[in-house]
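Engineer: Let me begin by handing over the structure; questions about it come next.
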Amino acid sequence: MKQVFTRPESLKDVSTHFCPGCHHGSVHRLVAEALDEFGIRSETIGVASVGCSVFLYGYFDVDVIEAPHGRAPAVATGAKRARPDRIVFTYQGDGDLAAIGMSEIIHAANRGEDITVIFVNNTTYGMTGGQMAPTTLPGQKTSTSPYGRDTSKDGSPFKMAELLSNLDGVAFSARVALNSPKNVLNAKKMIKTAFRYQVEKKGFSFIEALASCPTNWGMSPIDANQRVTDEMIPYFPLGVYKNTANL
Amino acid sequence: MRCDVFFAGYGGQGVLLAGNLLSYAAIHEGKNVSFFPAYGVEKRGGSAMCTIVFADGDTGSPVVGNPSVSVLLNQLSFDKYAAKVKQGGICIVNSSLVECQNISLPGVEVVLVPMNQIAIDLGDVRMVNMVACGAYIEKSGALQSASLEAALKKALPERNHRLIPANVKAMEAGAHAARG
Amino acid sequence: MQTGTPEKIFVKGNEAVAMAALEAGCHCYFGYPITPQSDIPEYLSRELPRLGGEFIQAESEIGAINMLLGASAAGVRAMTSSSGPGISLKQEGISYMAGSELPGVIVDVMRAGPGLGGIDASQADYFQATRGGGHGGYRIIVLAPASVQEMYDLTMLAFDLSDIYRMPAMVLADSVIGQMKESVTCGPRPQTVLPPKEWVVRGRAAGEPQNVVKSLYLGDGEMEAFHWKMQARYQELADRECRWEEVQTTDAELIVTAFGSTSRIAKTAVAMAREAGMKVGLMRPITLFPFPKKAYAALSERCKLFLDIELSTGQMIDDVRLSVARDADVAFYGRPPGAGSLPTPEELFEQIKKNYRASA
C-alpha cells in the first residue's frame, strides 16, 4: 500500500500535551515540514519560549534552547551571531512576544537579525489559564477581563505583523490562519517562504499564525475554528505585510 | 621609595593629562604606577582631580589621604584640598587663580607659581598643566625632566608631536618659576 | 595596542578587562552603556569585529544577558558587562543561565546604590553577587580584582572557570579599579585543559543525540536532583578554586580583611601599622564565591582578632564570621558608598590603631 501521509522527520513520534482542537500542533507540523523540505533539520536551532510552546524540544527533533519569558529573540540573536551558519527560529505566543517580550522582538526585527520568528496568536495566555493577552480582542472576556477587554483602559490589541512590517530590518512579515484547509495550505506556503528567506540570508522573517484555543475560549474545536473566521480575521486580516522581494 | 602626588583643578585645565604624563614619566624610569582619576559628573567645566602613586615596589593604595605633594590649579581645589597636604609636604599653588594673601599652611612648603600667566606669556593658556608638571618635578625631585619629555612622546598622538617643543618650554618655565 | 604581548602597557582597569576577553577568545560581547564601565563596550566595539567577533549594543540589559545566554548555548565564549542598576536587570538571565548550566562571563563594575545611586565606588553588591542574585537558589563564581593586572588575569580566569564548572562567572570590580590606570603585562591565554562542550546546540545531525539547553524540570525528583548536583559542584569549586592573598599574617595579632579596591587602601594602612611597630597583617579574598573559608579558619587558629573593612555597611563580614574559629572576634569598619566616602589609608590606620589597642 502506498503511504501518502507521514509524520515529518523533524517531529518526534510522540503525542503532544496540546488540547483537542488547539492549532499549536498544526503550526508545529507546518514548521517541521518546512525544515524537512529544505533539508535543514540538522542545521537548525529552535528557541522555545514560555507558555504552551515551552515544550518545543519535546516535539521537534532539533536542538533547542529554552529562553526566559519574552526573551527568545534576544537568545536567538546570540545563537545566530555565534553560529551564523545555522538556521535559528523562535516560536512564541502572544503574551510572550507582544507583552513581556515586546522590546526583544522589536529590536531583533529592527536589527534585521537573520532569524525566523513563528508567532502564535490565540488572543489569550493559554498555559496560565486564559488571562487577557496583548492581542485579546475588544470586548473579549478572559479570566482577567471578566467584563470584556475595555480598550479605554487596556488599550487595543497589537497587530504585530503590520507593526513589524514598518521596520527596515524586516524582510518578510505575513499573517496566516489554520482554521480551514485553504488557510492551512496558504500558511504552509508562507512558513516556507519565511525559512527560505533565512536560508538565503535575506534578513528577519516573521509569521503571525492566528490560532484557536478552545479550552480557554470555552468553545468546541469547531466553534473555535468559526470564531477565528468571524472575530479574529476581521480584526487581524490575513496577508503579506512586507516582502522585500516585492519592494 | 614610594611617592605620591595629587593634582586638582577644574575640567579643561588638563589635570588628567598632567597626571597621565607624570605616570608615563615614572614608568619610563622603571617604576610601578597607579593613576587614579576622579571627576565631577560633568564632562566639561566640572572639577577634575587625580592621584598618582609610583614606587619601585608595590604602589599600595591608589587613594591618598594626606598627599606628600599637591598641585592645586584653582581656588576651589585650593580651598578643599590644601589643608590635606602631609606635614613636611609641598603645596604647589597656581597663584594666577588662587587668592594668595594670608595663606597659612604650617608644616607645609607653599610654592606659588603664576601658572596661567606663564602659559599665556608662552602663547597658550592651555599649557597651564605643563607649567604645573615642570613645577612639580622641580620641587619634588621625584622624577627627571627628561622622563617627562619621553612621556610626552608616549602620551600624545603622533599628529601632535610637533607641539612637544612648546610643551617642554612650558615645563622648563614652570620649573624655573618654582625654583624662585 | 596589541594583546598578548609581554610588554607592559599602561591602561585603565576596564580596558584590561576588554583586552583579557579578547586574549581569552571571547567571540561575542553584548552590552548596554552604563557608567562606570562603558570603556569595556567602547573598546570591544572597536577591536572585536577586527578579530572576527561579534559586538552588539543591545536594546537593554535584559536583551544583552539573553544574547549572552544564546551565544553561550551555541558554544562560543561570550561576555557582558554592566554596573549595579544593569546587573539587577540581568538577574533574570543569570538565573536562567545558572539553571541551564551555561558558562558566560559577567563583569560588574560596582557603583553606589540603591536605585540610581551614583557613579562612585561601592562594594554594596557583594550579597547580590555572591548569593546568586536572581531567583531559585543558585550561586555563580565571583572573582574580585584589586589591581589593573588582576582585572586582566581574573577576567581570563573567569572564562576558564566558567567553562570548566559550567556556570556563569562574575568579575566583581568597582569604579576605582575600573577607572584607575596601572601597568599590566598582557600575558597569553593559559593552556588550561577545558572539558569538551558536548551539550551545545549545534544542529542535530542524523544519529546524534538532541541537545536541549533548558532550566525547566518538571519530572518527579528532577529539580531536586539538579540542586544536589549543583551543590556538589559548589563544593568542588570550594575544594579546588579558592584563591586569596595574605600579607604579613604569620605573626599578626590583628588581621585586616578586605577585598577589591578597599584591600588596596588597607594594604597601605597595614604597612603604616607595621612601620609603627604593630603586628598587623592583611587577608584578601580573591574568590568571593567560593569564599576561602578554610584559609580564614586556619588564620583564626592563631590570630583571634580580625578587622573587616568594606565600602558598605557590612556584607562580606557575614562570610568572615562564618569562617573564623568561634573564639575569634571580627570587628568592622565600613563606609557606605557615595561621593566622598572612599576611605584613605590614614583613616584605616586609625581604625587599626583603635582595634589593636583595644586588644592589647
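Note on naming: chains are A, B, ... as they come in the C-alpha cells, residues start from 1 per chain, ligands start from 1 in the order shown.
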For stretch 61-67 of chain A, find every residue with an atom within 9 Å (counting only C-alpha atoms), except residues of its own chain fewer than 5 positions away, and show them as a PyMOL selection string.
Structural biologist: (chain A and resi 9-12+32+41-50+54-56+72-76) or (chain C and resi 66+69-70+73-74+93+96+100+200-205+209-216)
Engineer: List every residue of stretch 39-154 of chain B that has an atom at most 7 Å from any atom of stretch 2-14 of chain B, and for each one report the closest atom pair and its distance in Å to one decimal, counting only C-alpha atoms, with rows sorted by chain and then by increasing residue number, as CSV.
Structural biologist:
```
residue,atom,partner,partner_atom,distance
B:Arg44,CA,B:Gly11,CA,5.6
B:Gly45,CA,B:Gly11,CA,4.5
B:Gly46,CA,B:Gly11,CA,5.1
B:Ser47,CA,B:Tyr10,CA,4.2
B:Ala48,CA,B:Tyr10,CA,5.3
B:Met49,CA,B:Ala8,CA,4.1
B:Cys50,CA,B:Phe7,CA,5.4
B:Thr51,CA,B:Phe6,CA,4.5
B:Ile52,CA,B:Val5,CA,5.4
B:Val53,CA,B:Asp4,CA,4.4
B:Phe54,CA,B:Cys3,CA,5.4
B:Ala55,CA,B:Arg2,CA,4.2
B:Asp56,CA,B:Arg2,CA,7.0
B:Thr59,CA,B:Arg2,CA,6.9
B:Pro67,CA,B:Val5,CA,6.0
B:Ser68,CA,B:Asp4,CA,6.2
B:Val69,CA,B:Val5,CA,4.9
B:Ser70,CA,B:Phe6,CA,4.6
B:Val71,CA,B:Phe7,CA,4.8
B:Leu72,CA,B:Ala8,CA,5.1
B:Leu73,CA,B:Gly9,CA,4.7
B:Asn74,CA,B:Gly9,CA,5.3
B:Ser77,CA,B:Gly9,CA,5.8
B:Arg126,CA,B:Gln13,CA,6.7
B:Val128,CA,B:Gln13,CA,6.8
B:Asn129,CA,B:Gly14,CA,5.5
```
Engineer: Please provide the set of residues having any atom within 9 Å of stretch 34-39 of chain A, restricted to only C-alpha atoms, with same-chain residues fewer than 4 positions apart removed, written as a PDB file with N, CA and C atoms, in the first residue's frame.
Structural biologist:
```
ATOM      1  N   PRO A   8       6.373  14.328   9.667  1.00  0.00           N
ATOM      2  CA  PRO A   8       7.633  14.927   9.195  1.00  0.00           C
ATOM      3  C   PRO A   8       8.801  14.416  10.050  1.00  0.00           C
ATOM      4  N   GLU A   9       9.937  14.247   9.423  1.00  0.00           N
ATOM      5  CA  GLU A   9      11.112  13.756  10.157  1.00  0.00           C
ATOM      6  C   GLU A   9      11.518  14.699  11.280  1.00  0.00           C
ATOM      7  N   SER A  10      11.259  15.982  11.106  1.00  0.00           N
ATOM      8  CA  SER A  10      11.660  16.956  12.121  1.00  0.00           C
ATOM      9  C   SER A  10      10.769  16.924  13.355  1.00  0.00           C
ATOM     10  N   ARG A  29       3.571  21.211  12.924  1.00  0.00           N
ATOM     11  CA  ARG A  29       3.718  20.344  11.755  1.00  0.00           C
ATOM     12  C   ARG A  29       4.192  21.139  10.537  1.00  0.00           C
ATOM     13  N   LEU A  30       3.619  22.311  10.326  1.00  0.00           N
ATOM     14  CA  LEU A  30       3.998  23.095   9.139  1.00  0.00           C
ATOM     15  C   LEU A  30       5.460  23.542   9.221  1.00  0.00           C
ATOM     16  N   GLU A  43      20.732  21.477  10.654  1.00  0.00           N
ATOM     17  CA  GLU A  43      21.423  22.770  10.850  1.00  0.00           C
ATOM     18  C   GLU A  43      20.590  23.694  11.726  1.00  0.00           C
ATOM     19  N   THR A  44      19.466  23.205  12.196  1.00  0.00           N
ATOM     20  CA  THR A  44      18.511  24.104  12.826  1.00  0.00           C
ATOM     21  C   THR A  44      18.608  24.124  14.346  1.00  0.00           C
ATOM     22  N   LYS A 188       1.263  27.112   5.095  1.00  0.00           N
ATOM     23  CA  LYS A 188       2.453  26.322   4.762  1.00  0.00           C
ATOM     24  C   LYS A 188       3.344  27.090   3.789  1.00  0.00           C
ATOM     25  N   LYS A 189       2.706  27.695   2.781  1.00  0.00           N
ATOM     26  CA  LYS A 189       3.453  28.452   1.772  1.00  0.00           C
ATOM     27  C   LYS A 189       4.219  29.613   2.429  1.00  0.00           C
ATOM     28  N   ILE A 191       5.069  29.961   5.654  1.00  0.00           N
ATOM     29  CA  ILE A 191       6.118  29.499   6.580  1.00  0.00           C
ATOM     30  C   ILE A 191       7.346  29.059   5.785  1.00  0.00           C
ATOM     31  N   LYS A 192       7.113  28.407   4.660  1.00  0.00           N
ATOM     32  CA  LYS A 192       8.245  28.003   3.825  1.00  0.00           C
ATOM     33  C   LYS A 192       8.997  29.237   3.302  1.00  0.00           C
ATOM     34  N   THR A 193       8.222  30.244   2.909  1.00  0.00           N
ATOM     35  CA  THR A 193       8.876  31.466   2.431  1.00  0.00           C
ATOM     36  C   THR A 193       9.745  32.072   3.534  1.00  0.00           C
ATOM     37  N   PHE A 195      11.266  30.641   6.059  1.00  0.00           N
ATOM     38  CA  PHE A 195      12.518  29.905   6.235  1.00  0.00           C
ATOM     39  C   PHE A 195      13.442  30.052   5.014  1.00  0.00           C
ATOM     40  N   ARG A 196      12.829  30.115   3.828  1.00  0.00           N
ATOM     41  CA  ARG A 196      13.656  30.273   2.634  1.00  0.00           C
ATOM     42  C   ARG A 196      14.426  31.595   2.710  1.00  0.00           C
ATOM     43  N   VAL A 199      17.377  31.018   4.846  1.00  0.00           N
ATOM     44  CA  VAL A 199      18.381  30.234   4.116  1.00  0.00           C
ATOM     45  C   VAL A 199      19.133  31.143   3.146  1.00  0.00           C
TER      46      VAL A 199
END
```
Engineer: Give me, as a PyMOL selection string, all polymer residues having an atom no more than 12 Å from stretch 133-135 of chain B, counting only C-alpha atoms and skipping those fewer than 5 positions away in the same chain.
Structural biologist: chain B and resi 5-7+14-23+25+69-73+90-94+110-115+118-119+127-128+140-149+151-152+167-180
Engineer: As a PyMOL selection string, which residues of stretch 52-209 of chain A does DSSP assign to alpha helix (DSSP H)?
Structural biologist: chain A and resi 56-59+72-82+94-95+102-110+151-154+160-165+181-199
Engineer: For the residues in the current selection, export C-alpha atoms as a CSV table (one decimal), in the first residue's frame.
Structural biologist:
```
chain,number,residue,atom,x,y,z
A,56,LEU,CA,9.1,22.6,21.7
A,57,TYR,CA,12.1,20.4,22.4
A,58,GLY,CA,9.8,17.5,23.3
A,59,TYR,CA,8.1,17.6,19.9
A,72,ALA,CA,13.5,34.3,22.7
A,73,PRO,CA,14.5,36.9,20.0
A,74,ALA,CA,17.5,38.0,22.1
A,75,VAL,CA,18.5,34.4,22.8
A,76,ALA,CA,18.2,33.7,19.1
A,77,THR,CA,20.3,36.8,18.3
A,78,GLY,CA,23.1,35.4,20.5
A,79,ALA,CA,22.9,32.0,18.9
A,80,LYS,CA,22.8,33.2,15.4
A,81,ARG,CA,25.6,35.7,15.9
A,82,ALA,CA,27.7,32.9,17.5
A,94,ASP,CA,1.2,36.4,22.2
A,95,GLY,CA,1.9,37.1,25.9
A,102,MET,CA,7.9,43.4,23.1
A,103,SER,CA,11.3,45.1,23.5
A,104,GLU,CA,13.2,42.0,22.4
A,105,ILE,CA,11.1,41.3,19.3
A,106,ILE,CA,11.1,44.9,18.1
A,107,HIS,CA,14.8,45.3,18.4
A,108,ALA,CA,15.7,41.9,16.9
A,109,ALA,CA,13.5,42.7,13.9
A,110,ASN,CA,14.9,46.2,13.6
A,151,THR,CA,-10.0,49.4,25.2
A,152,SER,CA,-10.4,52.7,27.1
A,153,LYS,CA,-8.2,51.2,29.9
A,154,ASP,CA,-6.5,48.2,28.4
A,160,MET,CA,2.2,42.6,15.2
A,161,ALA,CA,2.5,41.5,11.6
A,162,GLU,CA,1.7,45.1,10.5
A,163,LEU,CA,3.7,46.7,13.2
A,164,LEU,CA,6.9,44.8,12.4
A,165,SER,CA,6.4,45.3,8.7
A,181,PRO,CA,-7.8,23.5,4.7
A,182,LYS,CA,-7.3,26.5,2.4
A,183,ASN,CA,-5.8,28.6,5.2
A,184,VAL,CA,-3.5,25.7,6.3
A,185,LEU,CA,-2.2,25.3,2.7
A,186,ASN,CA,-1.5,29.1,2.5
A,187,ALA,CA,0.1,29.1,5.9
A,188,LYS,CA,2.5,26.3,4.8
A,189,LYS,CA,3.5,28.5,1.8
A,190,MET,CA,4.1,31.5,4.0
A,191,ILE,CA,6.1,29.5,6.6
A,192,LYS,CA,8.2,28.0,3.8
A,193,THR,CA,8.9,31.5,2.4
A,194,ALA,CA,9.9,32.7,5.9
A,195,PHE,CA,12.5,29.9,6.2
A,196,ARG,CA,13.7,30.3,2.6
A,197,TYR,CA,14.4,33.9,3.3
A,198,GLN,CA,16.6,32.9,6.2
A,199,VAL,CA,18.4,30.2,4.1
```
Engineer: How close does each residue of chain C get to chain B, giving the shortest atom pair and distance in Å to one decimal for every residue with an atom at most 8 Å away, counting only C-alpha atoms, sorted by chain and residue number, as CSV?
Structural biologist:
```
residue,atom,partner,partner_atom,distance
C:Phe10,CA,B:Tyr24,CA,8.0
C:Val176,CA,B:Phe36,CA,7.2
C:Gln179,CA,B:Pro37,CA,6.9
C:Met180,CA,B:Phe36,CA,4.5
C:Lys181,CA,B:Phe35,CA,5.0
C:Glu182,CA,B:Ser34,CA,4.8
C:Ser183,CA,B:Val33,CA,6.7
C:Arg264,CA,B:Ser61,CA,4.8
C:Ile265,CA,B:Ser61,CA,4.2
C:Ala266,CA,B:Ser61,CA,7.2
C:Lys267,CA,B:Gly60,CA,6.0
C:Thr268,CA,B:Gly60,CA,5.3
C:Pro343,CA,B:Val63,CA,7.9
C:Thr344,CA,B:Gly65,CA,4.8
C:Pro345,CA,B:Gly65,CA,6.5
C:Glu346,CA,B:Gly65,CA,6.1
C:Glu347,CA,B:Gly65,CA,7.7
```
Engineer: Would you write out those residues with N, CA and C atoms, as an mmCIF file, in the first residue's frame?
Structural biologist:
```
data_model
loop_
_atom_site.group_PDB
_atom_site.id
_atom_site.type_symbol
_atom_site.label_atom_id
_atom_site.label_comp_id
_atom_site.auth_asym_id
_atom_site.auth_seq_id
_atom_site.Cartn_x
_atom_site.Cartn_y
_atom_site.Cartn_z
ATOM 1 N N PHE C 10 50.170 50.656 29.867
ATOM 2 C CA PHE C 10 49.526 51.465 30.897
ATOM 3 C C PHE C 10 48.076 51.698 30.490
ATOM 4 N N VAL C 176 36.679 52.359 41.249
ATOM 5 C CA VAL C 176 38.091 52.709 41.448
ATOM 6 C C VAL C 176 38.962 51.814 40.567
ATOM 7 N N GLN C 179 38.351 52.475 36.750
ATOM 8 C CA GLN C 179 38.806 53.734 36.162
ATOM 9 C C GLN C 179 40.285 53.991 36.339
ATOM 10 N N MET C 180 40.929 53.350 37.329
ATOM 11 C CA MET C 180 42.346 53.679 37.536
ATOM 12 C C MET C 180 43.212 53.025 36.471
ATOM 13 N N LYS C 181 44.384 53.633 36.249
ATOM 14 C CA LYS C 181 45.322 53.106 35.264
ATOM 15 C C LYS C 181 46.545 52.566 35.975
ATOM 16 N N GLU C 182 47.000 51.425 35.507
ATOM 17 C CA GLU C 182 48.247 50.857 36.001
ATOM 18 C C GLU C 182 48.909 50.122 34.841
ATOM 19 N N SER C 183 50.161 49.754 35.064
ATOM 20 C CA SER C 183 50.853 48.979 34.037
ATOM 21 C C SER C 183 50.429 47.524 34.142
ATOM 22 N N ARG C 264 43.281 47.395 48.649
ATOM 23 C CA ARG C 264 44.470 48.156 48.249
ATOM 24 C C ARG C 264 44.744 49.271 49.263
ATOM 25 N N ILE C 265 43.662 49.949 49.665
ATOM 26 C CA ILE C 265 43.807 51.036 50.636
ATOM 27 C C ILE C 265 44.266 50.449 51.972
ATOM 28 N N ALA C 266 43.671 49.290 52.311
ATOM 29 C CA ALA C 266 44.010 48.636 53.579
ATOM 30 C C ALA C 266 45.475 48.186 53.604
ATOM 31 N N LYS C 267 45.980 47.779 52.447
ATOM 32 C CA LYS C 267 47.360 47.284 52.378
ATOM 33 C C LYS C 267 48.341 48.378 52.826
ATOM 34 N N THR C 268 48.084 49.598 52.362
ATOM 35 C CA THR C 268 48.953 50.708 52.760
ATOM 36 C C THR C 268 48.770 51.023 54.248
ATOM 37 N N PRO C 343 37.441 55.651 51.779
ATOM 38 C CA PRO C 343 38.342 55.853 52.917
ATOM 39 C C PRO C 343 39.788 56.031 52.455
ATOM 40 N N THR C 344 40.595 56.674 53.297
ATOM 41 C CA THR C 344 42.016 56.852 52.983
ATOM 42 C C THR C 344 42.817 55.881 53.847
ATOM 43 N N PRO C 345 44.077 55.617 53.447
ATOM 44 C CA PRO C 345 44.915 54.731 54.259
ATOM 45 C C PRO C 345 45.080 55.276 55.679
ATOM 46 N N GLU C 346 45.191 56.618 55.780
ATOM 47 C CA GLU C 346 45.359 57.242 57.093
ATOM 48 C C GLU C 346 44.166 56.933 57.992
ATOM 49 N N GLU C 347 42.969 56.999 57.389
ATOM 50 C CA GLU C 347 41.732 56.728 58.123
ATOM 51 C C GLU C 347 41.689 55.264 58.586
#
```
Engineer: Quick one: residues within 8 Å of C:Leu68, only C-alpha atoms, excluding same-chain residues fewer than 6 positions away - as a PDB file with N, CA and C atoms, in the first residue's frame?
Structural biologist:
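Result written to selection_1.pdb:
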```pdb
ATOM      1  N   VAL A  75      17.788  35.689  22.711  1.00  0.00           N
ATOM      2  CA  VAL A  75      18.527  34.421  22.770  1.00  0.00           C
ATOM      3  C   VAL A  75      18.883  33.967  21.354  1.00  0.00           C
ATOM      4  N   GLY A  78      21.767  35.925  19.980  1.00  0.00           N
ATOM      5  CA  GLY A  78      23.062  35.436  20.471  1.00  0.00           C
ATOM      6  C   GLY A  78      23.487  34.170  19.750  1.00  0.00           C
TER       7      GLY A  78
ATOM      8  N   CYS C  28      31.851  36.751  21.370  1.00  0.00           N
ATOM      9  CA  CYS C  28      30.711  37.666  21.328  1.00  0.00           C
ATOM     10  C   CYS C  28      30.662  38.537  22.579  1.00  0.00           C
ATOM     11  N   TYR C  29      30.370  39.806  22.398  1.00  0.00           N
ATOM     12  CA  TYR C  29      30.114  40.700  23.530  1.00  0.00           C
ATOM     13  C   TYR C  29      28.765  41.366  23.317  1.00  0.00           C
ATOM     14  N   PHE C  30      27.963  41.389  24.370  1.00  0.00           N
ATOM     15  CA  PHE C  30      26.655  42.047  24.315  1.00  0.00           C
ATOM     16  C   PHE C  30      26.555  42.972  25.524  1.00  0.00           C
ATOM     17  N   ALA C  78      31.549  34.038  25.496  1.00  0.00           N
ATOM     18  CA  ALA C  78      30.848  35.303  25.363  1.00  0.00           C
ATOM     19  C   ALA C  78      30.813  36.036  26.699  1.00  0.00           C
ATOM     20  N   MET C  79      30.592  37.343  26.611  1.00  0.00           N
ATOM     21  CA  MET C  79      30.690  38.187  27.811  1.00  0.00           C
ATOM     22  C   MET C  79      29.692  39.337  27.756  1.00  0.00           C
ATOM     23  N   THR C  80      29.310  39.807  28.940  1.00  0.00           N
ATOM     24  CA  THR C  80      28.581  41.065  29.050  1.00  0.00           C
ATOM     25  C   THR C  80      29.172  41.821  30.226  1.00  0.00           C
ATOM     26  N   GLY C 104      29.577  31.670  30.908  1.00  0.00           N
ATOM     27  CA  GLY C 104      29.405  33.033  30.421  1.00  0.00           C
ATOM     28  C   GLY C 104      30.025  33.965  31.439  1.00  0.00           C
TER      29      GLY C 104
END
```
Engineer: Write out as a list in words which residues come within 8 Å of stretch 107-112 of chain C when counting only C-alpha atoms, dropping same-chain ones fewer than 5 positions away.
Structural biologist: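 So the residues in contact are Pro36, Gln37, Met79, Thr80, Ser81, Ser82, Ser83, Gly84, Ile87, Gly117, Gly118, Ile119, Asp120, Ala121, Ser122, Gln123, Ala124, Asp125, Met170, Val171, Leu172, Ala173, Asp174, Ser175, Gly178, Pro337 and Gly338 of chain C.
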Engineer: If you run DSSP over the backbone, which residues in stretch 45-113 of chain B end up strand (DSSP E or B)? Put them as a compact mmCIF listing (two decimals) with C-alpha atoms, in the first residue's frame.
Structural biologist:
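Contents of out-v4.txt, as written:
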```txt
# COMPACT_ATOMS: atom_id res chain seq x y z
CA SER B 47 36.11 69.56 38.93
CA ALA B 48 38.90 67.21 37.95
CA MET B 49 41.48 65.54 40.13
CA CYS B 50 43.82 62.62 40.13
CA THR B 51 46.23 60.88 42.42
CA ILE B 52 49.43 59.33 41.09
CA VAL B 53 51.41 56.88 43.20
CA PHE B 54 54.71 55.49 41.96
CA ALA B 55 57.14 53.17 43.64
CA VAL B 69 52.81 66.87 47.18
CA SER B 70 49.63 68.58 45.98
CA VAL B 71 49.35 70.69 42.85
CA LEU B 72 46.24 72.86 43.05
CA ILE B 90 54.72 70.58 49.47
CA CYS B 91 51.72 72.52 48.19
CA ILE B 92 52.20 73.97 44.71
CA VAL B 93 49.60 76.63 44.01
CA ASN B 94 48.53 78.28 40.77
CA GLU B 109 56.14 74.28 51.99
CA VAL B 110 53.92 76.52 49.88
CA VAL B 111 55.16 77.19 46.35
CA LEU B 112 53.38 79.92 44.42
CA VAL B 113 53.61 79.72 40.64
```
Engineer: Have a look at atom CA of C:Phe332 and atom CA of C:Gly314 and let me know their distance in Å, one decimal.
Structural biologist: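 One can read the atom CA of C:Phe332 to atom CA of C:Gly314 distance as 7.4 Å.
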Engineer: Between atom CA of A:Tyr125 and atom CA of C:Tyr217, what is the distance, to one decimal in Å?
Structural biologist: 21.1 Å
